[in-house]
Amino acid sequence: MNVRRLPGFMYQYKVLAVLLLCALFLVVYLLLHWGIMCTNLEAWRHVSSVCSTHRDGSAIGILCGPLCTERGIHSLACESLHSGKEAVFSAHWEATRLVFKAPRIKSPSDRLESLYPVDELGMRHFISEEDFASAIRDLVVSRMNATISTRQLQRLARLRTHRVETDPSRRRLEMENVWPLLQNNEYIISILYEDRDVFPQLIGTCGTFYAVEYVRPIETPTTVLALSDSKPEWAKRVKLAVMIMDLLEELESNFPEPFHLCDVKINHFGLPLGGQRLKFLDLDAVFPRSVVGKLIADNRHCEKHQDCDYFDCRSLCSKRKRCESPVVNNNLQVICEKIFLGWTLSGTIIIPGLLMSEHTTSTLAVLLRQCANPAGDSTQLPRAAVPASLKMRLYNILSEMEQEYASEV
């Protein structure tokens with residue numbers, strides 16, 4: 001091929017053209033790697049992989065049959081924005097739509113080595129039932145700071161609640177499939193709190209994949225802003241804001257310990273198909289208050305005004321120059337800052353949030369600013385919890401607006 005026949009720009013600026021092309025490929029690779037973009041081919045590749053391990057006998061679970069042999073699960077579609085997960089894709093199983101997920105895990109030998117303790121002679125032995133139960137309890141204490149009941153232990157230790165595997169080799173295989181799943185925060189929460197209607201329901205597993213009910217994520221702020229700012233659309237926004245505050249109240253009041261949401265995005269909230277109850281979708285970023293404090297601290301040294309954060313959960317640098325104080329902001333502060341108010345720069349709203357519109361009253365605007373930054377500190381990220389009195393005022397004004405617009409619309 002005669003390179004001189006390339007377009008003039010390509011020929012005269014060969015180095016620049018090559019660099020731009022490489023940069024384009026790098027951007028696409030990173031978008032795919034971070035889960036911001038995806039293709040349906042990835043979903044089929046993941047299914048092919050897990051079904052291959054199912055056929056060789058190492059992957060089991062109630063969804064392996066429908067997924068791999070019966071072909072009852074179909075219409076696979078990739079789902080983007082799944083950082084922290086090896087795979088996320090949706091599918092249909094008869095009349096049910098579900099979402100398959102697989103956490104990023106180490107190699108098979110690394111993730112299972114704790115199940116094979118080594119004795120003094122260097123011989124490997126499979127872990128006993130008692131030690132397996134103890135390992136699960138320790139894991140839940142570490143991740144959730146919670147003591148589990150006998151029934152919860154059985155749910156976590158086995159793939160099926162209605163069938164107890166007694167064959168030693170089959171039970172060993174079951175443990176090998178359960179243990180990698182237990183390394184995932186979302187899987188543990190889905191089982192411990194399966195009776196709560198604030199998280200997607202767990203449906204089943206196949207190997208390292210688990211499936212939950214499909215919950216339609218709320219549109220991103222850019223999508224919301226693309227809608228007309230009519231009264232009906234504003235009424236929908238206000239209703240959604242009330243639903244978010246109701247969900248926060250349940251997470252903070254109806255669990256053994258308040259839950260903190262450490263990665264807040266509007267598409268981490270969603271509605272089940274045909275449902276009216278809002279759910280939180282990113283369970284990898286849901287932690288009890290005491291656990292968040294440990295995640296923030298992590299024996300880190302810091303300087304005054306230095307960030308002491310675990311994503312959206314924020315703390316302070318102590319006098320001993322350590323990130324050792326507990327989380328000081330709360331869920332509502334982050335919601336007001338990142339979702340209700342919008343993206344700000346130097347105190348100025350650059351991209352309006354869910355509740356910033358021509359219909360926003362001056363009273364509501366003031367409350368939102370106070371809620372987003374309760375301490376009024378403009379030198380760093382807000383690091384204060386929203387007071388109960390301000391929370392109540394905001395909830396009351398939104399509830400009144402919801403009722404008012406509902407009657408008009």
# chains A, B, ... in the order shown; residues from 1 in each chain; ligands from 1
>>> residues_around(residues="region 70-78 of chain A", least_positions_apart="2", cutoff="10 Å", atoms="only C-alpha atoms", output="number ranges by chain")
A: 35, 37-44, 47, 63-68, 80, 87-94, 96-100
>>> select_by_dssp(residues="region 136-353 of chain A", states="helix (DSSP H, G or I)", output="ChimeraX atom specification")
/A:136-144,150-157,168-182,185-192,221-226,231-253,266-268,283-285,289-297,331-341
>>> closest_residue(among="A:Val140, A:Val286, A:Ile191, A:Met123", to="Thr161 (chain A)", atoms="only C-alpha atoms")
A:Ile191
>>> residues_around(residues="Asp197 (chain A)", least_positions_apart="6", cutoff="10 Å", atoms="only C-alpha atoms", output="PyMOL selection string")
chain A and resi 247+250+277-280
>>> write_last_selection(atoms="C-alpha atoms", output="compact mmCIF listing (two decimals), in the first residue's frame")
# COMPACT_ATOMS: atom_id res chain seq x y z
CA LEU A 247 -35.75 4.97 51.81
CA GLU A 250 -35.67 3.01 56.66
CA ARG A 277 -41.25 1.08 46.35
CA LEU A 278 -37.81 2.57 45.72
CA LYS A 279 -34.79 0.29 46.23
CA PHE A 280 -31.06 0.90 46.52
>>> select_by_dssp(residues="region 87-303 of chain A", states="strand (DSSP E or B)", output="PyMOL selection string")
chain A and resi 87-93+96-103+118+124+202-206+209-213+215-217+259-261+269-272+279-280+286-288+301
>>> write_last_selection(atoms="C-alpha atoms", output="compact mmCIF listing (two decimals), in the first residue's frame")
# COMPACT_ATOMS: atom_id res chain seq x y z
CA ALA A 87 -19.73 -8.92 34.93
CA VAL A 88 -23.24 -7.51 35.05
CA PHE A 89 -25.88 -8.45 32.50
CA SER A 90 -29.66 -8.76 32.42
CA ALA A 91 -31.71 -11.66 31.07
CA HIS A 92 -35.22 -13.10 31.00
CA TRP A 93 -36.24 -16.29 32.76
CA THR A 96 -39.07 -12.84 35.20
CA ARG A 97 -36.40 -10.32 34.29
CA LEU A 98 -33.26 -10.66 36.35
CA VAL A 99 -29.71 -9.33 36.58
CA PHE A 100 -26.66 -11.60 36.76
CA LYS A 101 -23.60 -10.36 38.62
CA ALA A 102 -20.13 -11.72 39.28
CA PRO A 103 -17.66 -10.01 41.61
CA VAL A 118 -2.35 -27.10 55.69
CA ARG A 124 -3.89 -30.04 52.81
CA LEU A 202 -31.75 -12.64 45.42
CA ILE A 203 -33.08 -15.22 42.92
CA GLY A 204 -30.34 -17.82 42.60
CA THR A 205 -26.74 -18.64 41.65
CA CYS A 206 -24.58 -20.54 39.19
CA PHE A 209 -22.57 -15.75 39.39
CA TYR A 210 -25.63 -14.73 41.38
CA ALA A 211 -28.86 -13.23 40.06
CA VAL A 212 -31.19 -10.65 41.61
CA GLU A 213 -34.51 -9.22 40.50
CA VAL A 215 -34.88 -3.09 39.18
CA ARG A 216 -35.04 -0.26 36.69
CA PRO A 217 -32.47 2.41 37.65
CA PHE A 259 -26.58 1.88 57.05
CA HIS A 260 -24.41 4.40 55.23
CA LEU A 261 -24.46 4.76 51.45
CA PHE A 269 -31.78 4.03 43.10
CA GLY A 270 -34.41 2.13 41.18
CA LEU A 271 -38.00 0.94 40.94
CA PRO A 272 -39.00 -2.71 40.36
CA LYS A 279 -34.79 0.29 46.23
CA PHE A 280 -31.06 0.90 46.52
CA VAL A 286 -23.70 -0.11 51.75
CA PHE A 287 -22.09 -0.47 55.18
CA PRO A 288 -23.14 -0.27 58.84
CA HIS A 301 -1.93 9.25 58.49
>>> atom_distance(atom1="CA of Ser48 (chain A)", atom2="CA of Arg163 (chain A)")
27.5 Å
>>> closest_residue(among="A:Ala375, A:Ala385, A:Ala285, A:Ala95", to="Arg143 (chain A)", atoms="only C-alpha atoms")
A:Ala285
>>> residues_around(residues="Phe255 (chain A)", least_positions_apart="6", cutoff="12 Å", atoms="only C-alpha atoms", output="VMD selection string")
chain A and resid 144 146 189 192 to 193 195 to 196 198 248 to 249 287 to 289
>>> residues_around(residues="Ile339 (chain A)", least_positions_apart="4", cutoff="7 Å", atoms="only C-alpha atoms", output="short mmCIF file (atom, residue, chain, number, x, y, z; two decimals) with C-alpha atoms, in the first residue's frame")
data_model
loop_
_atom_site.label_atom_id
_atom_site.label_comp_id
_atom_site.auth_asym_id
_atom_site.auth_seq_id
_atom_site.Cartn_x
_atom_site.Cartn_y
_atom_site.Cartn_z
CA ILE A 266 -29.09 8.72 41.11
CA ILE A 335 -28.16 13.08 48.69
CA GLY A 353 -29.88 18.49 40.36
CA LEU A 354 -33.20 16.73 40.74
#
>>> closest_residue(among="A:Ala241, A:Cys313, A:Leu283, A:Cys51", to="Cys262 (chain A)", atoms="only C-alpha atoms")
A:Cys313
>>> closest_residue(among="A:Asp298, A:Glu402, A:Asp263, A:Glu257", to="Leu281 (chain A)", atoms="only C-alpha atoms")
A:Asp263
